[in-house]
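Shown here: structure.cif, mmCIF, C-alpha atoms and all ligand atoms.
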```cif
data_coords
#
loop_
_atom_site.label_atom_id
_atom_site.label_comp_id
_atom_site.auth_asym_id
_atom_site.auth_seq_id
_atom_site.Cartn_x
_atom_site.Cartn_y
_atom_site.Cartn_z
CA MET W 1 -109.03 -20.11 115.14
CA LEU W 2 -105.87 -18.16 114.34
CA ASP W 3 -103.81 -20.65 116.32
CA SER W 4 -105.41 -23.50 114.50
CA LEU W 5 -104.83 -21.90 111.09
CA PHE W 6 -101.25 -21.16 112.04
CA THR W 7 -100.65 -24.80 112.99
CA TRP W 8 -102.22 -25.95 109.80
CA LEU W 9 -100.12 -23.62 107.72
CA LEU W 10 -96.86 -24.39 109.44
CA LEU W 11 -96.96 -28.08 110.17
CA PRO W 12 -98.63 -29.88 107.30
CA LEU W 13 -97.57 -27.35 104.72
CA GLY W 14 -93.96 -27.74 105.78
CA LEU W 15 -94.46 -31.46 105.74
CA VAL W 16 -95.88 -31.55 102.24
CA LEU W 17 -93.34 -29.06 100.92
CA GLY W 18 -90.53 -31.11 102.45
CA TRP W 19 -91.94 -34.14 100.80
CA VAL W 20 -92.21 -32.39 97.41
CA LEU W 21 -88.63 -31.13 97.66
CA GLY W 22 -87.51 -34.64 98.50
CA ARG W 23 -89.34 -35.91 95.47
CA ARG W 24 -87.46 -33.62 93.07
CA ALA W 25 -84.65 -36.09 92.97
CA GLN W 26 -87.00 -38.67 91.44
CA PRO W 27 -89.04 -36.80 88.77
CA ALA W 28 -90.24 -39.94 87.02
CA ALA W 29 -91.75 -41.31 90.21
CA VAL W 30 -93.56 -38.05 90.95
CA ALA W 31 -95.64 -38.29 87.79
CA ALA W 32 -96.52 -41.88 88.55
CA ALA W 33 -97.50 -41.18 92.14
CA ILE W 34 -99.37 -37.91 92.37
CA ALA W 35 -100.53 -35.42 89.79
CA PRO W 36 -99.51 -31.78 90.35
CA GLU W 37 -103.15 -30.61 90.43
CA GLN W 38 -103.88 -33.16 93.17
CA LEU W 39 -100.94 -31.96 95.20
CA GLY W 40 -102.02 -28.34 94.61
CA GLY W 41 -105.50 -29.17 95.82
CA LEU W 42 -104.10 -30.92 98.89
CA LEU W 43 -101.93 -27.93 99.77
CA THR W 44 -104.79 -25.48 99.25
CA ARG W 45 -107.08 -27.47 101.48
CA LEU W 46 -104.49 -27.83 104.21
CA ALA W 47 -103.74 -24.08 103.99
CA SER W 48 -107.44 -23.20 104.15
CA ASP W 49 -107.77 -25.22 107.38
CA ASP W 50 -109.98 -27.82 105.78
CA PRO W 51 -108.44 -31.10 106.91
CA ASP W 52 -111.40 -33.21 105.85
CA GLN W 53 -111.05 -32.02 102.26
CA ALA W 54 -107.31 -32.57 102.54
CA ILE W 55 -107.93 -36.17 103.57
CA ALA W 56 -110.31 -36.56 100.65
CA ALA W 57 -107.66 -35.16 98.29
CA LEU W 58 -105.08 -37.47 99.78
CA THR W 59 -107.23 -40.57 99.37
CA GLN W 60 -107.87 -39.63 95.75
CA VAL W 61 -104.19 -40.02 94.97
CA ALA W 62 -104.33 -42.92 92.57
CA GLU W 63 -100.95 -44.49 92.96
CA ILE W 64 -99.37 -45.27 96.26
CA ASP W 65 -95.64 -45.60 96.29
CA HIS W 66 -93.22 -45.47 99.15
CA SER W 67 -93.08 -41.69 99.46
CA THR W 68 -96.83 -41.07 99.21
CA VAL W 69 -97.31 -43.70 101.91
CA GLU W 70 -94.92 -41.73 104.06
CA LEU W 71 -96.98 -38.64 103.42
CA HIS W 72 -100.14 -40.48 104.47
CA LEU W 73 -98.44 -41.88 107.56
CA THR W 74 -96.95 -38.57 108.61
CA LEU W 75 -100.25 -36.78 108.14
CA GLY W 76 -102.08 -39.54 110.04
CA ASN W 77 -99.61 -39.30 112.92
CA LEU W 78 -99.96 -35.55 112.93
CA PHE W 79 -103.72 -35.91 113.34
CA ARG W 80 -103.25 -38.41 116.15
CA LYS W 81 -100.80 -36.12 117.96
CA ARG W 82 -103.29 -33.27 117.67
CA GLY W 83 -105.93 -35.53 119.23
CA GLU W 84 -107.92 -35.76 116.00
CA ILE W 85 -108.20 -39.52 116.24
CA ASP W 86 -111.12 -39.85 113.80
CA ARG W 87 -109.08 -38.27 111.04
CA ALA W 88 -106.01 -40.35 111.85
CA LEU W 89 -108.18 -43.47 111.77
CA ARG W 90 -109.73 -42.54 108.42
CA ILE W 91 -106.33 -42.01 106.81
CA HIS W 92 -104.84 -45.22 108.17
CA GLU W 93 -107.94 -47.34 107.54
CA ALA W 94 -108.17 -46.08 103.95
CA LEU W 95 -104.48 -46.71 103.45
CA LEU W 96 -104.73 -50.28 104.70
CA THR W 97 -107.37 -51.10 102.07
CA ARG W 98 -104.96 -50.19 99.27
CA PRO W 99 -104.21 -53.32 97.29
CA ASN W 100 -100.63 -52.56 96.29
CA LEU W 101 -98.95 -52.19 99.68
CA THR W 102 -95.77 -54.12 100.33
CA PRO W 103 -95.80 -56.30 103.48
CA ASP W 104 -93.41 -53.84 105.17
CA ILE W 105 -95.66 -50.87 104.53
CA GLN W 106 -98.78 -52.81 105.39
CA ALA W 107 -97.26 -53.64 108.78
CA GLN W 108 -96.27 -50.00 109.28
CA VAL W 109 -99.83 -48.83 108.54
CA ARG W 110 -101.32 -51.54 110.76
CA ARG W 111 -99.07 -50.43 113.63
CA GLU W 112 -100.26 -46.82 113.28
CA LEU W 113 -103.85 -47.97 113.08
CA ALA W 114 -103.42 -50.01 116.27
CA PHE W 115 -102.12 -46.92 118.10
CA ASP W 116 -105.06 -44.88 116.72
CA TYR W 117 -107.49 -47.45 118.15
CA MET W 118 -105.68 -47.35 121.49
CA ARG W 119 -105.92 -43.56 121.62
CA ALA W 120 -109.60 -43.81 120.64
CA GLY W 121 -110.13 -46.29 123.49
CA VAL W 122 -111.29 -49.05 121.13
CA MET W 123 -109.10 -51.60 122.83
CA ASP W 124 -110.43 -54.77 121.19
CA HIS W 125 -109.68 -53.32 117.73
CA ALA W 126 -106.23 -52.21 118.89
CA GLU W 127 -105.52 -55.66 120.31
CA ALA W 128 -106.68 -57.34 117.09
CA GLN W 129 -104.26 -55.22 115.03
CA PHE W 130 -101.37 -55.89 117.42
CA GLU W 131 -102.16 -59.63 117.38
CA ARG W 132 -102.13 -59.56 113.60
CA LEU W 133 -98.70 -57.91 113.68
CA VAL W 134 -97.44 -60.62 116.05
CA ALA W 135 -98.86 -63.33 113.76
CA ASP W 136 -97.13 -61.68 110.79
CA GLY W 137 -93.85 -61.52 112.70
CA ARG W 138 -93.78 -57.68 112.57
CA TYR W 139 -93.08 -55.34 115.53
CA VAL W 140 -93.47 -58.47 117.68
CA THR W 141 -92.09 -57.33 121.05
CA GLU W 142 -93.65 -53.86 120.76
CA SER W 143 -97.02 -55.38 119.86
CA LEU W 144 -96.89 -57.90 122.71
CA ASP W 145 -95.98 -55.09 125.08
CA GLN W 146 -98.91 -53.01 123.84
CA ILE W 147 -101.25 -55.99 124.32
CA ARG W 148 -99.92 -56.24 127.87
CA ILE W 149 -100.59 -52.51 128.39
CA ILE W 150 -104.14 -52.88 127.02
CA TYR W 151 -104.91 -55.54 129.64
CA GLU W 152 -103.10 -53.58 132.32
CA GLN W 153 -105.21 -50.50 131.60
CA GLY W 154 -108.33 -52.67 131.70
CA ARG W 155 -107.14 -54.09 135.06
CA ASP W 156 -107.52 -57.56 133.54
CA TRP W 157 -104.58 -58.99 135.46
CA GLU W 158 -104.89 -62.62 134.33
CA HIS W 159 -104.65 -61.60 130.68
CA ALA W 160 -101.93 -59.06 131.53
CA ILE W 161 -99.92 -61.91 133.09
CA ALA W 162 -100.43 -64.05 129.96
CA ALA W 163 -99.28 -61.14 127.78
CA ALA W 164 -96.25 -60.52 130.02
CA ARG W 165 -95.26 -64.18 129.69
CA ARG W 166 -95.54 -64.03 125.90
CA LEU W 167 -93.43 -60.87 125.92
CA GLU W 168 -90.87 -62.56 128.16
CA ALA W 169 -90.59 -65.47 125.70
CA ALA W 170 -90.29 -63.17 122.68
CA GLN W 171 -87.87 -60.73 124.28
CA GLY W 172 -85.82 -63.14 126.38
CA GLU W 173 -86.03 -60.73 129.35
CA SER W 174 -87.57 -61.70 132.68
CA LYS W 175 -90.97 -60.17 133.38
CA ARG W 176 -91.36 -61.89 136.73
CA ALA W 177 -91.17 -58.66 138.73
CA LEU W 178 -94.04 -57.35 136.62
CA VAL W 179 -96.04 -60.57 136.99
CA ALA W 180 -95.53 -60.29 140.77
CA GLN W 181 -97.10 -56.81 140.66
CA TYR W 182 -100.08 -58.18 138.74
CA GLU W 183 -100.46 -61.00 141.30
CA ALA W 184 -100.24 -58.39 144.06
CA GLU W 185 -102.97 -56.36 142.32
CA MET W 186 -105.22 -59.44 142.46
CA ALA W 187 -104.23 -59.97 146.10
CA ASP W 188 -105.24 -56.36 146.86
CA GLU W 189 -108.56 -56.83 145.09
CA ALA W 190 -109.24 -60.01 147.10
CA ARG W 191 -108.32 -58.17 150.29
CA ARG W 192 -110.72 -55.35 149.52
CA ALA W 193 -113.40 -57.98 148.88
CA LYS W 194 -112.60 -59.43 152.36
CA ASN W 195 -111.45 -62.67 150.75
CA VAL W 196 -108.40 -63.02 152.98
CA ASP W 197 -107.42 -66.58 151.99
CA GLU W 198 -107.41 -65.69 148.30
CA ALA W 199 -105.45 -62.50 149.08
CA VAL W 200 -102.81 -64.50 150.98
CA ARG W 201 -102.63 -67.07 148.17
CA ARG W 202 -102.11 -64.34 145.56
CA ALA W 203 -99.57 -62.45 147.68
CA ARG W 204 -97.59 -65.69 148.11
CA ARG W 205 -97.69 -66.26 144.38
CA ALA W 206 -96.31 -62.74 143.95
CA VAL W 207 -93.43 -63.68 146.27
CA ASP W 208 -92.88 -66.91 144.30
CA GLU W 209 -92.64 -64.87 141.10
CA ASP W 210 -90.37 -62.25 142.61
CA PRO W 211 -88.96 -62.95 146.08
CA ALA W 212 -87.71 -59.33 146.16
CA CYS W 213 -91.22 -57.88 145.71
CA VAL W 214 -91.41 -55.49 148.68
CA ARG W 215 -95.05 -54.82 148.00
CA ALA W 216 -95.98 -58.51 148.36
CA HIS W 217 -94.17 -58.79 151.71
CA LEU W 218 -95.87 -55.62 153.02
CA LEU W 219 -99.19 -57.01 151.90
CA LEU W 220 -98.53 -60.40 153.53
CA GLY W 221 -97.60 -58.55 156.73
CA ALA W 222 -100.91 -56.66 156.70
CA LEU W 223 -102.88 -59.84 155.90
CA TYR W 224 -101.24 -61.91 158.66
CA GLU W 225 -101.69 -59.02 161.09
CA GLY W 226 -105.37 -58.85 160.14
CA LYS W 227 -105.64 -62.58 160.88
CA GLY W 228 -104.00 -62.10 164.27
CA GLU W 229 -100.84 -63.97 163.21
CA PHE W 230 -98.52 -61.33 164.61
CA GLY W 231 -95.29 -63.35 164.52
CA ALA W 232 -95.72 -64.12 160.83
CA ALA W 233 -96.76 -60.53 160.19
CA ALA W 234 -93.60 -59.19 161.86
CA GLN W 235 -91.47 -61.55 159.74
CA ALA W 236 -93.11 -60.28 156.57
CA TYR W 237 -92.73 -56.58 157.51
CA LEU W 238 -89.13 -57.20 158.48
CA ARG W 239 -88.45 -58.92 155.15
CA ALA W 240 -89.85 -55.88 153.30
CA PHE W 241 -87.50 -53.61 155.22
CA GLN W 242 -84.50 -55.88 154.62
CA LEU W 243 -85.23 -55.93 150.90
CA ASP W 244 -85.46 -52.14 150.73
CA PRO W 245 -84.64 -50.06 153.83
CA ARG W 246 -86.32 -47.04 152.23
CA PHE W 247 -89.60 -48.66 153.31
CA LEU W 248 -88.72 -48.11 156.98
CA PRO W 249 -91.49 -45.47 157.41
CA ASP W 250 -94.01 -48.07 156.18
CA VAL W 251 -92.93 -50.85 158.57
CA ILE W 252 -91.81 -49.09 161.74
CA GLU W 253 -95.34 -48.63 163.09
CA PRO W 254 -96.71 -52.06 162.03
CA LEU W 255 -93.66 -53.71 163.64
CA TYR W 256 -94.31 -51.75 166.84
CA ARG W 257 -97.92 -52.99 166.84
CA CYS W 258 -96.81 -56.60 166.28
CA ALA W 259 -94.22 -56.35 169.08
CA GLN W 260 -96.95 -55.07 171.41
CA LYS W 261 -99.05 -58.14 170.55
CA THR W 262 -96.30 -60.77 170.68
CA GLY W 263 -94.48 -59.16 173.60
CA ASP W 264 -91.25 -59.43 171.60
CA GLN W 265 -89.88 -56.02 172.67
CA GLN W 266 -86.35 -57.36 172.34
CA GLY W 267 -86.94 -58.23 168.70
CA TYR W 268 -88.33 -54.75 168.05
CA LEU W 269 -85.36 -53.09 169.75
CA GLN W 270 -83.01 -55.20 167.64
CA PHE W 271 -84.88 -54.10 164.52
CA LEU W 272 -84.58 -50.42 165.54
CA SER W 273 -80.88 -50.87 166.23
CA ASP W 274 -80.39 -52.51 162.81
CA ALA W 275 -82.48 -49.77 161.20
CA ARG W 276 -80.22 -47.11 162.73
CA GLU W 277 -77.25 -48.83 161.11
CA ILE W 278 -78.76 -49.62 157.73
CA SER W 279 -80.89 -46.57 157.03
CA SER W 280 -80.18 -42.86 157.28
CA SER W 281 -83.62 -42.19 158.76
CA SER W 282 -84.20 -40.43 162.07
CA LEU W 283 -87.28 -42.56 162.71
CA PRO W 284 -85.48 -45.24 164.80
CA TYR W 285 -84.55 -42.51 167.32
CA VAL W 286 -88.15 -41.33 167.49
CA ALA W 287 -89.38 -44.90 167.94
CA GLU W 288 -86.82 -45.65 170.64
CA ALA W 289 -87.83 -42.48 172.49
CA ARG W 290 -91.43 -43.65 172.38
CA LEU W 291 -90.46 -47.04 173.84
CA LEU W 292 -88.66 -45.25 176.69
CA ALA W 293 -91.70 -43.06 177.31
CA ASP W 294 -93.92 -46.20 177.26
CA GLU W 295 -91.81 -47.53 180.13
CA GLY W 296 -92.04 -44.26 182.04
CA MET W 297 -88.44 -43.29 181.29
CA ASP W 298 -87.20 -39.92 180.06
CA PRO W 299 -86.78 -40.02 176.27
CA MET W 300 -85.05 -36.62 176.12
CA ASP W 301 -81.51 -37.93 175.72
CA ARG W 302 -82.48 -40.31 172.95
CA LEU W 303 -84.21 -37.50 171.03
CA ALA W 304 -81.30 -35.14 171.62
CA ALA W 305 -78.98 -37.82 170.22
CA GLY W 306 -81.31 -38.18 167.22
CA LEU W 307 -81.28 -34.41 166.67
CA GLU W 308 -77.52 -34.42 166.71
CA VAL W 309 -76.95 -37.44 164.46
CA ARG W 310 -80.03 -37.34 162.17
CA PRO W 311 -81.64 -33.90 162.38
CA SER W 312 -85.11 -33.99 160.90
CA ARG W 313 -88.53 -32.45 161.32
CA ALA W 314 -89.83 -35.68 162.88
CA VAL W 315 -87.23 -35.88 165.59
CA LEU W 316 -87.49 -32.12 166.24
CA ALA W 317 -91.29 -32.31 166.56
CA GLN W 318 -90.99 -35.20 169.00
CA PHE W 319 -88.26 -33.39 170.91
CA LEU W 320 -90.48 -30.31 171.29
CA GLU W 321 -93.39 -32.44 172.46
CA VAL W 322 -91.26 -33.80 175.31
CA LEU W 323 -89.65 -30.44 175.97
CA GLU W 324 -92.89 -28.52 176.37
CA LYS W 325 -93.90 -30.83 179.26
CA GLN W 326 -90.72 -30.21 181.23
CA PRO W 327 -91.53 -28.28 184.50
CA ALA W 328 -88.63 -25.87 183.97
CA VAL W 329 -89.87 -25.03 180.49
CA ILE W 330 -93.41 -24.47 181.75
CA ALA W 331 -92.10 -22.33 184.62
CA ALA W 332 -90.19 -20.19 182.11
CA GLY W 333 -93.35 -19.77 180.01
CA LEU W 334 -91.71 -21.45 177.02
CA ASP W 335 -94.14 -24.35 176.71
CA LYS W 336 -96.59 -22.44 174.49
CA PRO W 337 -94.01 -21.24 171.95
CA ALA W 338 -92.61 -24.79 171.85
CA ALA W 339 -96.12 -26.15 171.21
CA SER W 340 -96.71 -23.62 168.41
CA LEU W 341 -93.45 -24.59 166.77
CA ARG W 342 -94.30 -28.27 167.07
CA GLN W 343 -97.74 -27.73 165.52
CA ALA W 344 -96.21 -25.78 162.65
CA LEU W 345 -93.79 -28.65 162.06
CA ARG W 346 -96.69 -31.11 162.09
CA ARG W 347 -98.58 -29.08 159.50
CA LEU W 348 -95.45 -28.91 157.37
CA MET W 349 -95.04 -32.68 157.61
CA GLU W 350 -98.71 -33.29 156.83
CA SER W 351 -98.60 -31.17 153.70
CA SER W 352 -95.39 -32.70 152.38
CA PRO W 353 -95.46 -35.52 149.87
CA ARG W 354 -94.81 -38.87 151.49
CA TYR W 355 -93.68 -40.81 148.46
CA GLN W 356 -91.64 -40.22 145.37
CA CYS W 357 -91.14 -42.02 142.08
CA GLY W 358 -87.48 -42.85 141.56
CA ASN W 359 -88.03 -42.79 137.82
CA CYS W 360 -89.94 -39.56 137.13
CA GLY W 361 -89.96 -37.71 140.45
CA PHE W 362 -93.75 -37.75 140.86
CA SER W 363 -94.44 -37.14 144.57
CA PRO W 364 -97.83 -38.34 145.82
CA ARG W 365 -99.19 -38.28 149.38
CA GLN W 366 -100.09 -41.96 149.17
CA GLN W 367 -98.42 -45.09 147.88
CA PHE W 368 -99.01 -46.14 144.29
CA TRP W 369 -97.42 -49.35 143.10
CA GLN W 370 -97.71 -48.22 139.50
CA CYS W 371 -96.61 -44.62 139.11
CA PRO W 372 -99.64 -42.63 137.84
CA SER W 373 -97.26 -40.37 135.95
CA CYS W 374 -94.66 -42.59 134.23
CA LYS W 375 -96.61 -45.88 134.55
CA ARG W 376 -93.58 -47.78 135.89
CA TRP W 377 -94.18 -50.43 138.52
CA GLY W 378 -92.49 -50.47 141.93
CA THR W 379 -90.62 -47.19 141.45
CA ILE W 380 -92.45 -45.22 144.16
CA THR W 381 -90.85 -45.41 147.61
CA PRO W 382 -91.39 -43.49 150.86
CA ILE W 383 -89.59 -40.19 151.31
CA ASP W 384 -88.09 -40.32 154.77
CA GLU W 385 -88.26 -36.53 155.07
CA ALA W 386 -92.04 -36.86 154.94
CA MET W 387 -91.46 -37.87 158.53
CA ARG W 388 -94.47 -39.71 159.59
CA LEU W 389 -94.20 -40.14 163.29
CA PRO W 390 -94.74 -43.62 164.60
CA GLY W 391 -98.35 -43.66 165.64
CA ALA W 392 -99.25 -40.76 163.34
ZN ZN V 1 -92.95 -42.16 137.84
#
```
Show the structure stored in the file as structure tokens.
Ligand SMILES: [Zn+2]
Amino acid sequence: MLDSLFTWLLLPLGLVLGWVLGRRAQPAAVAAAIAPEQLGGLLTRLASDDPDQAIAALTQVAEIDHSTVELHLTLGNLFRKRGEIDRALRIHEALLTRPNLTPDIQAQVRRELAFDYMRAGVMDHAEAQFERLVADGRYVTESLDQIRIIYEQGRDWEHAIAAARRLEAAQGESKRALVAQYEAEMADEARRAKNVDEAVRRARRAVDEDPACVRAHLLLGALYEGKGEFGAAAQAYLRAFQLDPRFLPDVIEPLYRCAQKTGDQQGYLQFLSDAREISSSSLPYVAEARLLADEGMDPMDRLAAGLEVRPSRAVLAQFLEVLEKQPAVIAAGLDKPAASLRQALRRLMESSPRYQCGNCGFSPRQQFWQCPSCKRWGTITPIDEAMRLPGA
């Protein structure tokens, strides 16, 4: 209660006082716009923490000129920021019914009203107001972008694509990367619904929109792999890695699986060799050690080389796993401490975030193609230090 009163005293009172002081320069306009007793009543009601009465006092102000509109707008925004959407809506709706608004001010009020509706979750009303702004040629790109966001939030990807295309035309900036993400969303939905052909079709459309869409290539890889088309799957995974080597942790295991199926060990080795060159990850060393172990060869040297060149938790954990099986280590009674250390490393790796948003730093355990924090698309990439082991 005290907090609330304090906010009400400080914020709106300061706002109204600032406005009054600003008005001193134009005494003639003050008389025309708002009578002193009305202003007094407004201040009293704000100070006595009675916002509803304050709104009533505000709407009783007979004349609306530029500065009283600003007062209405500022107060409305203040309500919206405080989460009091009903009050913000009442102020802005009442203001919009005023007959003497200039087109500029009307557009300004409509914009605020549209944001109120969005905050209130009344998306069709918000969209209608933004569409009206577009039709009136006001706040066009912002409104089209908000319409796009409305459809995006509603996961209505077809309409989101249409809105993105309108925005592209109005703004003159390509939105194809965004459209590719929306196509990929539809591909993911089709995949979850076990409609593989539709998923492939959508993922290909995503690639057509944006050939550099890593997500679409990863998805195509998974879809082809699911269909048993391992050669095509490997090509798609490889393309994802070539487009963005940071995705190595996401492709190294799928490529291993595909190589097992196609028997193209040489191709996989070439990929690991390229990955060692291109990326700073230790994972190629871990994967090569596994290949050696698969063939019954000693992977110790490869892991030791990895530890020297690319020290990481992953390569250390793998090194310990091999080490603890060495007869000399067992004979010396060091296998158990080595195993404890390896398990501790595993737990550390399992509790670490695997991905990070390059825009806001949000670090989730799983991949999100739209950052849940900053809402950007395609900004979240694997953190190599998360150190998933191939096969883990
Ligand atoms: Zn982010």
How close does each residue of chain W get to ligand ZN 1 (chain V), giving the shortest atom pair and distance in Å to one decimal for every residue with an atom at most 12 Å away, counting only C-alpha atoms and all ligand atoms, sorted by chain and residue number, as a tab-separated table?
```
residue	atom	partner	partner_atom	distance
W:Tyr355	CA	V:ZN1	ZN	10.7
W:Gln356	CA	V:ZN1	ZN	7.9
W:Cys357	CA	V:ZN1	ZN	4.6
W:Gly358	CA	V:ZN1	ZN	6.7
W:Asn359	CA	V:ZN1	ZN	5.0
W:Cys360	CA	V:ZN1	ZN	4.0
W:Gly361	CA	V:ZN1	ZN	6.0
W:Phe362	CA	V:ZN1	ZN	5.4
W:Ser363	CA	V:ZN1	ZN	8.5
W:Pro364	CA	V:ZN1	ZN	10.1
W:Gln367	CA	V:ZN1	ZN	11.8
W:Phe368	CA	V:ZN1	ZN	9.7
W:Trp369	CA	V:ZN1	ZN	10.0
W:Gln370	CA	V:ZN1	ZN	7.9
W:Cys371	CA	V:ZN1	ZN	4.6
W:Pro372	CA	V:ZN1	ZN	6.7
W:Ser373	CA	V:ZN1	ZN	5.0
W:Cys374	CA	V:ZN1	ZN	4.0
W:Lys375	CA	V:ZN1	ZN	6.2
W:Arg376	CA	V:ZN1	ZN	6.0
W:Trp377	CA	V:ZN1	ZN	8.4
W:Gly378	CA	V:ZN1	ZN	9.3
W:Thr379	CA	V:ZN1	ZN	6.6
W:Ile380	CA	V:ZN1	ZN	7.0
W:Thr381	CA	V:ZN1	ZN	10.5
```
Original post:
So how many Å separate atom CA of W:Arg342 and atom CA of W:Leu320, to one decimal?
Top reply: 6.0 Å
Subject >> Distance query W:Ala199 at most 12 Å, only C-alpha atoms, self and fewer than 2 positions along chain excluded, as number ranges by chain >> reply: W: 183-197, 201-206, 216, 219-224, 226-227
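Residue nearest W:Ser281 within the list W:Ile383, W:Ala328, W:Ala212, W:Ala236: W:Ile383 [criterion: smallest interatomic distance, all atoms listed in the file].
Comparing W:Leu341, W:Ile147, W:Leu101, W:Ala332 by their smallest distance to W:Phe115, the closest is W:Ile147 (using all atoms listed in the file).
Using all atoms listed in the file for every distance, the candidate list W:Leu283, W:Leu238, W:Asp294, W:Asp116 yields W:Leu238 as the residue closest to W:Tyr268.
Between atom CA of W:Met300 and atom CA of W:Leu334 the separation is 16.6 Å.
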All file atoms of stretch 344-362 of chain W boxed axis-aligned, 3 Å per side, centre plus edges, as JSON:
```
{"center_x": -93.1, "center_y": -34.3, "center_z": 149.9, "size_x": 17.2, "size_y": 23.1, "size_z": 31.5}
```
Subject >> atom CA of W:Leu243 to atom CA of W:Ser280, distance in Å rounded to a single decimal >> reply: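 Interatomic distance here is 15.4 Å.
Shortest separation to W:Gly267 among W:Gly231, W:Pro337, W:Gly121, W:Pro327 occurs at residue W:Gly231, atoms counted being only C-alpha atoms.
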**OP:** Might you pull out every residue within 9 Å of W:Asp298, with only C-alpha atoms counted and same-chain residues fewer than 4 positions away left off, and present them as a PyMOL selection string?
**Re:** chain W and resi 289+292-293+302+322
Got time to write the residues from that selection, C-alpha atoms, as an mmCIF file, in the coordinates of the input?
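Listed below is the output, selection_17.cif:
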```
data_model
loop_
_atom_site.group_PDB
_atom_site.id
_atom_site.type_symbol
_atom_site.label_atom_id
_atom_site.label_comp_id
_atom_site.auth_asym_id
_atom_site.auth_seq_id
_atom_site.Cartn_x
_atom_site.Cartn_y
_atom_site.Cartn_z
ATOM 1 C CA ALA W 289 -87.830 -42.480 172.490
ATOM 2 C CA LEU W 292 -88.660 -45.250 176.690
ATOM 3 C CA ALA W 293 -91.700 -43.060 177.310
ATOM 4 C CA ARG W 302 -82.480 -40.310 172.950
ATOM 5 C CA VAL W 322 -91.260 -33.800 175.310
#
```
Subject >> W:Leu96 environment, 8 Å, only C-alpha atoms, sequence neighbours closer than 2 positions dropped, as a list in words >> reply: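 Here the qualifying residues turn out to be His92, Glu93, Ala94, Arg98, Leu101, Gln106, Val109 and Arg110 of chain W.
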For those residues, write C-alpha atoms to a file as a JSON list (two decimals), in the coordinates of the input.
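Final output, part20.json:
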```
[["chain", "number", "residue", "atom", "x", "y", "z"],
["W", 92, "HIS", "CA", -104.84, -45.22, 108.17],
["W", 93, "GLU", "CA", -107.94, -47.34, 107.54],
["W", 94, "ALA", "CA", -108.17, -46.08, 103.95],
["W", 98, "ARG", "CA", -104.96, -50.19, 99.27],
["W", 101, "LEU", "CA", -98.95, -52.19, 99.68],
["W", 106, "GLN", "CA", -98.78, -52.81, 105.39],
["W", 109, "VAL", "CA", -99.83, -48.83, 108.54],
["W", 110, "ARG", "CA", -101.32, -51.54, 110.76]]
```
**OP:** Kindly extract all protein, DNA and RNA residues lying within 10 Å of the coordinates (-97.7, -60.5, 117.2) given in the file, considering only C-alpha atoms, and supply them as JSON, numbers by chain.
**Re:** {"W": [127, 128, 129, 130, 131, 132, 133, 134, 135, 136, 137, 138, 139, 140, 141, 142, 143, 144, 145, 147, 166, 167, 170]}
**OP:** Rank W:Gln343, W:Gln146, W:Ser174, W:Thr262 by their smallest atom-to-atom distance to W:Tyr117, using all atoms listed in the file, and report the top residue only.
**Re:**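 Of W:Gln343, W:Gln146, W:Ser174, W:Thr262, the one nearest W:Tyr117, counting all atoms listed in the file, is W:Gln146.
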**OP:** Write out as a list in words which residues come within 10 Å of W:Arg346 when counting only C-alpha atoms, dropping same-chain ones fewer than 3 positions away.
**Re:**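 That gives Arg313, Ala314, Ala317, Gln318, Ser340, Leu341, Arg342, Gln343, Met349, Glu350, Ser351, Ser352, Met387, Arg388 and Leu389 of chain W.
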